[in-house]
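Here's work_14.cif, which has mmCIF, C-alpha atoms and all ligand atoms:
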```cif
data_query
loop_
_atom_site.label_atom_id
_atom_site.label_comp_id
_atom_site.auth_asym_id
_atom_site.auth_seq_id
_atom_site.Cartn_x
_atom_site.Cartn_y
_atom_site.Cartn_z
CA MET B 208 15.32 0.36 0.33
CA GLN B 209 12.84 0.42 -2.53
CA ILE B 210 9.80 2.67 -2.26
CA VAL B 211 6.54 1.41 -3.73
CA TYR B 212 4.30 4.26 -4.77
CA SER B 213 1.34 4.97 -7.05
CA ASP B 214 -0.03 8.33 -8.23
CA ALA B 215 -3.60 6.96 -7.98
CA HIS B 216 -4.00 8.63 -4.58
CA TYR B 217 -4.25 12.09 -6.17
CA ALA B 218 -7.82 11.34 -7.26
CA HIS B 219 -8.79 10.88 -3.59
CA HIS B 220 -8.83 14.42 -2.24
CA PRO B 221 -11.76 15.08 0.09
CA GLN B 222 -12.16 18.73 0.99
CA HIS B 223 -13.37 18.83 4.58
CA GLU B 224 -13.77 16.93 7.81
CA PHE B 225 -15.26 17.78 11.20
CA LEU B 226 -12.77 18.22 14.03
CA ASP B 227 -13.96 19.31 17.45
CA GLY B 228 -17.26 20.33 15.89
CA LYS B 229 -15.66 22.57 13.27
CA LEU B 230 -15.40 21.98 9.55
CA ILE B 231 -11.68 22.05 8.71
CA PRO B 232 -9.58 21.16 5.64
CA TYR B 233 -9.25 17.39 5.20
CA GLN B 234 -6.08 16.42 7.05
CA GLU B 235 -5.37 13.25 5.07
CA SER B 236 -4.49 15.10 1.83
CA PRO B 237 -2.55 14.18 -1.33
CA HIS B 238 0.05 16.68 -0.18
CA ARG B 239 1.05 14.17 2.52
CA ALA B 240 2.24 11.48 0.11
CA GLU B 241 3.85 14.16 -2.03
CA MET B 242 5.91 15.40 0.93
CA VAL B 243 7.01 11.89 1.89
CA LEU B 244 7.97 11.04 -1.69
CA LYS B 245 9.92 14.27 -2.09
CA ALA B 246 11.85 13.73 1.15
CA ALA B 247 12.61 10.10 0.23
CA GLN B 248 13.94 11.19 -3.14
CA ALA B 249 15.97 14.07 -1.64
CA ALA B 250 17.56 11.61 0.80
CA ALA B 251 18.22 9.13 -2.05
CA LEU B 252 16.55 6.48 0.06
CA GLY B 253 16.10 4.12 -2.86
CA GLU B 254 14.41 3.48 -6.17
CA VAL B 255 10.74 4.46 -6.46
CA ILE B 256 8.76 1.72 -8.18
CA PRO B 257 5.06 1.31 -9.08
CA PRO B 258 2.98 -1.42 -7.44
CA ARG B 259 2.46 -4.75 -9.13
CA ASP B 260 -1.17 -5.84 -9.50
CA PHE B 261 -2.06 -8.74 -7.21
CA GLY B 262 -5.75 -8.39 -8.06
CA LEU B 263 -8.67 -8.51 -5.63
CA ALA B 264 -7.95 -11.95 -4.15
CA PRO B 265 -5.52 -10.85 -1.38
CA ILE B 266 -7.91 -8.01 -0.45
CA LEU B 267 -10.81 -10.47 -0.21
CA HIS B 268 -8.79 -12.69 2.14
CA ILE B 269 -9.04 -9.87 4.70
CA HIS B 270 -12.15 -7.92 3.76
CA ASP B 271 -15.79 -8.93 3.52
CA ALA B 272 -16.84 -9.41 -0.12
CA ASN B 273 -20.01 -7.32 0.29
CA TYR B 274 -17.97 -4.50 1.82
CA VAL B 275 -15.46 -4.56 -1.06
CA ALA B 276 -18.25 -4.57 -3.66
CA TRP B 277 -19.86 -1.65 -1.82
CA LEU B 278 -16.57 0.33 -1.81
CA GLN B 279 -16.44 -0.05 -5.58
CA ARG B 280 -19.97 1.22 -6.24
CA ILE B 281 -20.71 3.67 -3.41
CA TYR B 282 -19.72 6.89 -5.18
CA ALA B 283 -21.74 6.18 -8.34
CA GLU B 284 -24.76 5.20 -6.21
CA TRP B 285 -24.37 8.33 -4.12
CA LEU B 286 -24.40 10.53 -7.23
CA ALA B 287 -27.35 8.63 -8.68
CA HIS B 288 -29.29 9.33 -5.47
CA GLY B 289 -28.64 13.05 -5.46
CA GLY B 290 -25.50 13.13 -3.31
CA THR B 291 -23.14 16.07 -3.67
CA PRO B 292 -20.25 15.38 -6.11
CA THR B 293 -17.64 16.39 -3.50
CA GLY B 294 -18.02 13.01 -1.85
CA ALA B 295 -20.09 10.46 0.03
CA VAL B 296 -19.84 10.29 3.79
CA ALA B 297 -21.88 8.57 6.50
CA ASP B 298 -24.31 10.59 8.60
CA THR B 299 -26.03 7.92 10.72
CA PHE B 300 -24.49 4.72 12.04
CA ALA B 301 -25.88 1.20 12.47
CA MET B 302 -25.47 1.22 16.25
CA ARG B 303 -26.58 -1.20 18.96
CA GLY B 304 -30.30 -1.22 19.54
CA LEU B 305 -31.15 -0.23 15.98
CA PRO B 306 -32.71 -3.31 14.36
CA ASN B 307 -33.34 -2.21 10.76
CA ARG B 308 -30.78 -2.82 7.99
CA PRO B 309 -31.96 -1.09 4.80
CA THR B 310 -29.71 -1.17 1.75
CA ASN B 311 -30.31 2.37 0.47
CA VAL B 312 -27.16 4.33 -0.28
CA ARG B 313 -27.10 6.46 2.88
CA ALA B 314 -27.97 3.58 5.19
CA ALA B 315 -25.22 1.43 3.66
CA LEU B 316 -22.71 4.23 4.30
CA GLY B 317 -23.69 4.17 7.98
CA TYR B 318 -23.52 0.36 8.06
CA TYR B 319 -19.99 0.18 6.61
CA SER B 320 -18.44 3.20 8.40
CA LEU B 321 -17.15 3.56 11.95
CA ASP B 322 -16.91 7.34 11.81
CA ALA B 323 -17.63 10.26 9.46
CA THR B 324 -14.05 11.02 8.33
CA THR B 325 -13.82 8.56 5.47
CA VAL B 326 -15.09 10.26 2.33
CA HIS B 327 -15.74 8.40 -0.95
CA MET B 328 -15.05 10.25 -4.21
CA ALA B 329 -14.78 9.17 -7.84
CA GLY B 330 -11.12 8.13 -7.41
CA THR B 331 -11.35 6.73 -3.89
CA TRP B 332 -11.73 3.05 -4.70
CA LEU B 333 -8.82 3.03 -7.16
CA ALA B 334 -6.65 4.98 -4.67
CA ALA B 335 -7.45 2.47 -1.91
CA TYR B 336 -6.92 -0.47 -4.27
CA GLN B 337 -3.52 0.81 -5.40
CA SER B 338 -2.56 1.63 -1.82
CA ALA B 339 -3.17 -2.03 -0.91
CA GLN B 340 -1.21 -3.14 -4.00
CA CYS B 341 1.72 -0.99 -2.80
CA ALA B 342 1.74 -2.86 0.52
CA LEU B 343 1.54 -6.23 -1.27
CA THR B 344 4.36 -5.28 -3.64
CA ALA B 345 6.58 -4.22 -0.73
CA ALA B 346 5.78 -7.52 1.03
CA GLN B 347 6.80 -9.44 -2.08
CA LEU B 348 10.09 -7.55 -2.33
CA VAL B 349 10.89 -8.59 1.22
CA ALA B 350 9.69 -12.16 0.62
CA ASN B 351 12.11 -12.25 -2.32
CA GLY B 352 15.03 -11.34 -0.10
CA ALA B 353 15.11 -7.55 0.33
CA SER B 354 15.96 -6.68 3.93
CA SER B 355 13.32 -3.95 3.87
CA ALA B 356 10.86 -2.16 1.60
CA PHE B 357 8.64 0.89 2.03
CA ALA B 358 5.03 0.99 0.87
CA LEU B 359 4.16 4.67 0.52
CA CYS B 360 0.48 3.95 1.04
CA ARG B 361 -2.20 6.59 0.74
CA PRO B 362 -4.97 6.34 1.83
CA PRO B 363 -3.80 4.72 5.09
CA GLY B 364 -5.27 1.47 6.36
CA HIS B 365 -4.92 0.53 10.02
CA HIS B 366 -8.37 1.75 11.19
CA ALA B 367 -10.21 -0.30 8.53
CA HIS B 368 -11.87 -3.52 9.73
CA ALA B 369 -12.94 -6.45 7.57
CA ASP B 370 -16.19 -4.60 6.81
CA LEU B 371 -15.73 -1.05 8.14
CA CYS B 372 -14.04 2.07 6.85
CA GLY B 373 -13.00 4.86 9.21
CA GLY B 374 -10.19 7.13 10.31
CA TYR B 375 -9.37 7.94 6.65
CA CYS B 376 -8.90 4.18 6.00
CA LEU B 377 -10.78 1.93 3.55
CA LEU B 378 -8.64 -1.16 3.00
CA ASN B 379 -6.30 -2.38 5.74
CA ASN B 380 -3.06 -2.32 3.75
CA VAL B 381 -0.81 -3.73 6.46
CA ALA B 382 -3.25 -6.55 7.24
CA ILE B 383 -3.55 -7.48 3.57
CA ALA B 384 0.25 -7.61 3.24
CA ALA B 385 0.71 -9.50 6.52
CA HIS B 386 -1.78 -12.20 5.55
CA TRP B 387 -0.22 -12.47 2.09
CA LEU B 388 3.16 -13.16 3.73
CA THR B 389 1.65 -15.94 5.86
CA GLN B 390 0.17 -17.60 2.75
CA ASN B 391 2.83 -17.06 0.08
CA THR B 392 6.24 -17.59 1.60
CA ALA B 393 6.85 -20.74 3.63
CA PRO B 394 4.66 -23.09 5.70
CA LYS B 395 3.97 -21.96 9.29
CA VAL B 396 5.27 -18.46 8.76
CA LYS B 397 4.86 -16.08 11.67
CA VAL B 398 4.65 -12.33 11.20
CA ALA B 399 4.63 -9.46 13.66
CA ILE B 400 3.00 -6.09 13.06
CA LEU B 401 4.42 -3.16 15.00
CA ASP B 402 2.02 -0.19 14.87
CA VAL B 403 3.64 3.09 15.88
CA ASP B 404 0.95 5.43 14.55
CA PHE B 405 -0.32 7.86 17.23
CA HIS B 406 -3.75 6.22 17.01
CA HIS B 407 -4.45 2.62 17.95
CA GLY B 408 -4.69 0.29 14.94
CA ASN B 409 -8.16 -0.96 15.81
CA GLY B 410 -8.75 -2.50 12.39
CA THR B 411 -5.54 -4.49 12.36
CA GLN B 412 -6.13 -5.66 15.92
CA ALA B 413 -9.67 -6.81 15.12
CA ILE B 414 -8.63 -8.63 11.94
CA PHE B 415 -5.95 -10.72 13.68
CA TYR B 416 -7.44 -10.90 17.20
CA GLU B 417 -7.98 -14.65 17.10
CA ARG B 418 -4.80 -15.61 15.22
CA SER B 419 -1.51 -16.74 16.67
CA ASP B 420 0.47 -16.50 13.41
CA VAL B 421 0.14 -12.71 13.34
CA PHE B 422 1.31 -10.90 16.48
CA PHE B 423 -0.02 -7.34 16.69
CA VAL B 424 1.83 -4.86 18.92
CA SER B 425 0.74 -1.22 19.10
CA LEU B 426 2.03 1.92 20.82
CA HIS B 427 -0.55 4.68 20.80
CA ALA B 428 -2.42 7.39 22.65
CA ASP B 429 -4.49 5.94 25.48
CA PRO B 430 -7.97 5.36 23.98
CA GLU B 431 -9.42 6.61 27.27
CA ARG B 432 -8.75 10.09 25.84
CA GLN B 433 -8.09 9.69 22.09
CA TYR B 434 -9.50 8.25 18.90
CA PRO B 435 -10.46 5.42 18.25
CA TYR B 436 -11.73 5.33 21.90
CA PHE B 437 -13.36 1.88 21.67
CA ALA B 438 -10.20 -0.23 21.27
CA GLY B 439 -6.56 -0.06 22.31
CA ALA B 440 -6.59 -0.78 26.05
CA ALA B 441 -3.75 -2.77 27.63
CA ASP B 442 -6.03 -5.63 28.64
CA GLU B 443 -6.90 -6.48 25.02
CA ARG B 444 -4.62 -9.48 24.66
CA GLY B 445 -6.26 -11.50 21.89
CA ALA B 446 -8.88 -14.26 22.06
CA GLY B 447 -9.18 -17.96 21.35
CA ALA B 448 -6.12 -19.20 19.47
CA GLY B 449 -4.94 -15.57 19.39
CA LEU B 450 -4.86 -15.13 23.17
CA GLY B 451 -1.48 -13.64 24.06
CA PHE B 452 -0.79 -12.50 20.50
CA ASN B 453 -2.09 -8.95 20.79
CA ARG B 454 -0.27 -6.35 22.85
CA ASN B 455 -1.26 -2.72 23.43
CA TYR B 456 0.82 0.07 24.95
CA PRO B 457 -1.56 2.98 25.66
CA LEU B 458 0.54 6.06 26.33
CA PRO B 459 -0.03 9.34 28.21
CA VAL B 460 -0.54 12.83 26.82
CA GLN B 461 2.67 14.77 26.02
CA ILE B 462 4.88 11.70 26.31
CA ASP B 463 8.49 12.68 25.53
CA ASP B 464 11.20 10.97 23.50
CA ALA B 465 12.76 9.10 26.42
CA ALA B 466 9.52 7.65 27.79
CA TYR B 467 8.26 6.77 24.31
CA LEU B 468 11.49 5.00 23.39
CA THR B 469 11.35 3.03 26.65
CA ALA B 470 7.89 1.74 25.69
CA LEU B 471 9.10 1.03 22.16
CA ARG B 472 12.03 -1.02 23.47
CA GLN B 473 9.53 -3.13 25.46
CA ALA B 474 7.38 -3.61 22.34
CA CYS B 475 10.46 -4.63 20.36
CA ALA B 476 11.40 -7.10 23.10
CA ASP B 477 7.91 -8.62 22.78
CA ILE B 478 8.50 -9.01 19.04
CA ALA B 479 11.95 -10.55 19.55
CA ASP B 480 10.41 -13.07 22.00
CA TYR B 481 7.80 -14.00 19.39
CA ALA B 482 10.60 -14.57 16.84
CA PRO B 483 8.63 -13.80 13.68
CA ASP B 484 9.85 -14.54 10.16
CA TYR B 485 8.77 -11.09 8.97
CA LEU B 486 8.05 -7.73 10.53
CA LEU B 487 5.53 -5.23 9.21
CA VAL B 488 5.53 -1.70 10.57
CA SER B 489 2.45 0.51 10.50
CA LEU B 490 4.38 3.75 10.35
CA GLY B 491 2.47 6.81 11.46
CA VAL B 492 4.42 9.90 12.41
CA ASP B 493 1.45 11.67 14.02
CA THR B 494 3.39 11.01 17.24
CA PHE B 495 5.40 14.14 16.37
CA GLY B 496 4.98 17.01 18.87
CA GLY B 497 3.78 19.37 16.14
CA ASP B 498 1.08 17.08 14.77
CA PRO B 499 -2.37 18.72 14.58
CA LEU B 500 -4.19 15.48 15.50
CA GLY B 501 -1.76 14.12 18.09
CA ASP B 502 -0.92 15.05 21.67
CA PHE B 503 2.51 13.46 22.07
CA ALA B 504 5.70 15.53 22.39
CA LEU B 505 8.16 13.59 20.24
CA SER B 506 10.99 15.67 18.76
CA PRO B 507 12.29 15.17 15.22
CA ALA B 508 15.25 13.30 16.74
CA ALA B 509 12.95 10.58 18.11
CA PHE B 510 12.24 9.27 14.62
CA ALA B 511 15.78 8.12 13.92
CA HIS B 512 15.72 6.32 17.29
CA ILE B 513 12.46 4.63 16.31
CA GLY B 514 14.06 3.51 13.04
CA ARG B 515 17.12 2.24 14.91
CA SER B 516 15.04 0.21 17.38
CA ILE B 517 13.18 -1.41 14.49
CA ALA B 518 16.39 -2.08 12.55
CA GLU B 519 17.97 -3.71 15.60
CA LEU B 520 15.36 -6.47 15.43
CA ARG B 521 17.24 -7.62 12.30
CA LEU B 522 14.07 -8.91 10.66
CA PRO B 523 12.99 -8.64 7.03
CA THR B 524 10.79 -5.58 7.33
CA VAL B 525 7.89 -4.14 5.34
CA VAL B 526 7.18 -0.54 6.31
CA VAL B 527 3.65 0.64 5.50
CA MET B 528 2.71 4.33 5.64
CA GLU B 529 -0.17 5.24 7.95
CA GLY B 530 -0.82 8.70 9.50
CA GLY B 531 1.10 11.94 10.12
CA TYR B 532 -0.42 15.37 9.51
CA ALA B 533 2.24 17.96 10.32
CA ILE B 534 2.77 18.53 6.62
CA GLU B 535 6.02 20.50 6.73
CA GLN B 536 7.88 17.97 8.88
CA LEU B 537 6.12 14.85 7.58
CA GLY B 538 8.69 13.90 4.94
CA GLN B 539 11.70 14.39 7.20
CA ASN B 540 10.14 12.43 10.05
CA VAL B 541 9.31 9.46 7.84
CA VAL B 542 12.72 9.48 6.16
CA ALA B 543 14.42 9.71 9.57
CA VAL B 544 12.82 6.35 10.48
CA LEU B 545 13.57 4.72 7.13
CA GLY B 546 17.13 6.04 7.01
CA GLU B 547 18.09 3.75 9.89
CA MET B 548 17.06 0.63 7.99
CA ASP B 549 19.08 -1.27 5.37
C1 LIG J 1 -4.58 7.01 9.87
C2 LIG J 1 -4.88 8.00 10.95
O1 LIG J 1 -3.97 8.56 11.55
N1 LIG J 1 -6.19 8.29 11.18
C3 LIG J 1 -6.55 9.18 12.22
C4 LIG J 1 -7.98 9.57 12.21
C5 LIG J 1 -8.30 10.42 13.38
N2 LIG J 1 -9.58 11.02 13.26
C6 LIG J 1 -10.23 11.50 14.47
C7 LIG J 1 -9.44 12.57 15.10
C8 LIG J 1 -10.06 13.09 16.38
C9 LIG J 1 -9.00 14.03 16.88
N3 LIG J 1 -9.21 14.72 18.06
C10 LIG J 1 -8.06 15.59 18.23
C11 LIG J 1 -8.40 16.90 18.86
C12 LIG J 1 -7.32 17.91 18.52
N4 LIG J 1 -7.69 19.20 19.07
ZN ZN J 2 -2.94 8.18 13.22
#
```

Would you mind giving the structure from this file in structure tokens?
Amino acid sequence: MQIVYSDAHYAHHPQHEFLDGKLIPYQESPHRAEMVLKAAQAAALGEVIPPRDFGLAPILHIHDANYVAWLQRIYAEWLAHGGTPTGAVADTFAMRGLPNRPTNVRAALGYYSLDATTVHMAGTWLAAYQSAQCALTAAQLVANGASSAFALCRPPGHHAHADLCGGYCLLNNVAIAAHWLTQNTAPKVKVAILDVDFHHGNGTQAIFYERSDVFFVSLHADPERQYPYFAGAADERGAGAGLGFNRNYPLPVQIDDAAYLTALRQACADIADYAPDYLLVSLGVDTFGGDPLGDFALSPAAFAHIGRSIAELRLPTVVVMEGGYAIEQLGQNVVAVLGEMD
């Protein structure tokens, strides 16, 4: 399978984040993409190609125009208003009960962010833009007949809403690619998104919640105990025309390979019942037992089984990189999934 990758992500390298009240090294580092790329090349998974440029239009089909314009200017504004050059990050959020909506640089950060982990640096917009272009390019490869393609996206995307960044995500890469497939292939195309990142894909769910042509299925840590807390419960089934086209599998702490794969088989059965034309996979490997952000107990062997379950759906498949923070095993775990696909 071809691997779509851009070096632009190197210019997005925040230094720190808060975890459990402590300032720690930023977990979503350039080293992550480097490890995945190296492992893919070592396994001779396929040709590595740069993204094509689809422009802003497919991004603006998913994201709010004011939000996208803000993403492009936030770092320069932050610097101009005395912000530290290491990056702009929200400190105060536009929560319920707070009626004022000023447009100053720090207020806008709090208006467009859902948490304080998404840092904006000089290269952040271009990194996010190219990450989305990678997903679009992989979608086009599959639309043109490839059985699968891998978008080595960084930064990740599945926590980003139409007008919110968060969870290291700025543009929702998988959502942008999914919508592009519905608009640029055949009439009445149906796509399914399978999200296997440890964290619920709240952004993707929100974006497609009222649509029946995009079926979102997610396996993730129960939001009763884990980020993103405020979405991901089993009773979130979609709304309006989208009712029945959203499916969540919240999973318990320390879930093992066997129990996880049982849930995954159910999710894959849901997708088979939906009979989509295309499948997109939000691939996070923070489900690995050794992941510093996760609390699952998956072994390295689980990842080949995950890849096999996906491959058995026999659908044209776009795999989009999301999370995974156990740096040393990250490349092998991703390649174990991809190695099962044609
Ligand atoms: C793309 C992606 O995987 N984003 C994840 C962002 C998660 N950020 C919040 C993490 C809170 C983690 N709490 C874990 C406690 C470990 N001791
Ligand atoms: Zn994650």

* Show which residues sit within 8 Å of segment 488-505 of chain B, as a VMD selection string. Count all atoms listed in the file, and ignore same-chain residues fewer than 3 positions away. => chain B and resid 365 381 400 to 405 428 459 to 464 467 508 to 509 524 to 533 537 540 to 541

Residues from last step as file, C-alpha atoms, as a CSV table (one decimal), in the coordinates of the input:
```csv
chain,number,residue,atom,x,y,z
B,365,HIS,CA,-4.9,0.5,10.0
B,381,VAL,CA,-0.8,-3.7,6.5
B,400,ILE,CA,3.0,-6.1,13.1
B,401,LEU,CA,4.4,-3.2,15.0
B,402,ASP,CA,2.0,-0.2,14.9
B,403,VAL,CA,3.6,3.1,15.9
B,404,ASP,CA,1.0,5.4,14.6
B,405,PHE,CA,-0.3,7.9,17.2
B,428,ALA,CA,-2.4,7.4,22.6
B,459,PRO,CA,0.0,9.3,28.2
B,460,VAL,CA,-0.5,12.8,26.8
B,461,GLN,CA,2.7,14.8,26.0
B,462,ILE,CA,4.9,11.7,26.3
B,463,ASP,CA,8.5,12.7,25.5
B,464,ASP,CA,11.2,11.0,23.5
B,467,TYR,CA,8.3,6.8,24.3
B,508,ALA,CA,15.2,13.3,16.7
B,509,ALA,CA,13.0,10.6,18.1
B,524,THR,CA,10.8,-5.6,7.3
B,525,VAL,CA,7.9,-4.1,5.3
B,526,VAL,CA,7.2,-0.5,6.3
B,527,VAL,CA,3.6,0.6,5.5
B,528,MET,CA,2.7,4.3,5.6
B,529,GLU,CA,-0.2,5.2,8.0
B,530,GLY,CA,-0.8,8.7,9.5
B,531,GLY,CA,1.1,11.9,10.1
B,532,TYR,CA,-0.4,15.4,9.5
B,533,ALA,CA,2.2,18.0,10.3
B,537,LEU,CA,6.1,14.8,7.6
B,540,ASN,CA,10.1,12.4,10.0
B,541,VAL,CA,9.3,9.5,7.8
```

* Near-Ala358 of chain B list (9 Å; all atoms listed in the file; drop same-chain fewer than 5 positions) as a PyMOL selection string -> chain B and resi 209-212+258+338-346+525-528

Phe510 of chain B surroundings by only C-alpha atoms, 7 Å radius, close-in-sequence under 4 positions cut, as an mmCIF file with C-alpha atoms, in the frame of the given file:
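Everything below was put into result.cif:
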```cif
data_model
loop_
_atom_site.group_PDB
_atom_site.id
_atom_site.type_symbol
_atom_site.label_atom_id
_atom_site.label_comp_id
_atom_site.auth_asym_id
_atom_site.auth_seq_id
_atom_site.Cartn_x
_atom_site.Cartn_y
_atom_site.Cartn_z
ATOM 1 C CA GLY B 514 14.060 3.510 13.040
ATOM 2 C CA ASN B 540 10.140 12.430 10.050
ATOM 3 C CA ALA B 543 14.420 9.710 9.570
ATOM 4 C CA VAL B 544 12.820 6.350 10.480
#
```

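The space separating atom CA of Leu252 of chain B from atom CA of Pro483 of chain B comes to 25.7 Å.
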
* Structure fact -> Ala315 of chain B proximity check over B:Val421, B:Leu371, B:Ala384, B:Ile414, using only C-alpha atoms: winner is B:Leu371

* Within 10 Å of Ser354 of chain B, counting all atoms listed in the file, which residues qualify if same-chain residues fewer than 6 places away don't, as an MDAnalysis selection string? -> chainID B and resid 208 348 485 518 521:525 548:549

Can you write out the residues you just picked, keeping C-alpha atoms, as a short mmCIF file (atom, residue, chain, number, x, y, z; two decimals), in the frame of the given file?
```cif
data_model
loop_
_atom_site.label_atom_id
_atom_site.label_comp_id
_atom_site.auth_asym_id
_atom_site.auth_seq_id
_atom_site.Cartn_x
_atom_site.Cartn_y
_atom_site.Cartn_z
CA MET B 208 15.32 0.36 0.33
CA LEU B 348 10.09 -7.55 -2.33
CA TYR B 485 8.77 -11.09 8.97
CA ALA B 518 16.39 -2.08 12.55
CA ARG B 521 17.24 -7.62 12.30
CA LEU B 522 14.07 -8.91 10.66
CA PRO B 523 12.99 -8.64 7.03
CA THR B 524 10.79 -5.58 7.33
CA VAL B 525 7.89 -4.14 5.34
CA MET B 548 17.06 0.63 7.99
CA ASP B 549 19.08 -1.27 5.37
#
```

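Minimum atom-to-atom distances from B:Ala314, B:Ala250, B:Ala329, B:Ala367 to ligand LIG 1 (chain J) were compared using all atoms listed in the file, and the lowest value belongs to B:Ala367.
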
Centre, edges in Å (one decimal): axis-aligned box, ligand LIG 1 (chain J), 8 Å padding on all six sides, as JSON:
```
{"center_x": -7.1, "center_y": 13.1, "center_z": 14.5, "size_x": 22.3, "size_y": 28.2, "size_z": 25.2}
```

Could you build a table of the residues in segment 453-522 of chain B lying no more than 10 Å from segment 434-445 of chain B, giving for each the nearest pair of atoms and their separation in Å rounded to one decimal place, using all atoms listed in the file, ordered by chain and ascending residue number, as a tab-separated table?
```
residue	atom	partner	partner_atom	distance
B:Asn453	CA	B:Arg444	CA	4.7
B:Arg454	CA	B:Arg444	CA	5.7
B:Asn455	CA	B:Ala441	CA	4.9
B:Tyr456	CA	B:Ala441	CA	6.0
B:Pro457	CA	B:Ala440	CA	6.3
B:Leu458	CA	B:Ala440	CA	9.9
B:Leu500	CA	B:Tyr434	CA	9.6
B:Gly501	CA	B:Tyr434	CA	9.7
```

* To do: Please provide the set of residues having any atom within 10 Å of Val542 of chain B, restricted to only C-alpha atoms, with same-chain residues fewer than 4 positions apart removed, written as an NGL selection string.
  => :B and (243-252 or 510-511 or 514 or 537-538 or 546-547)
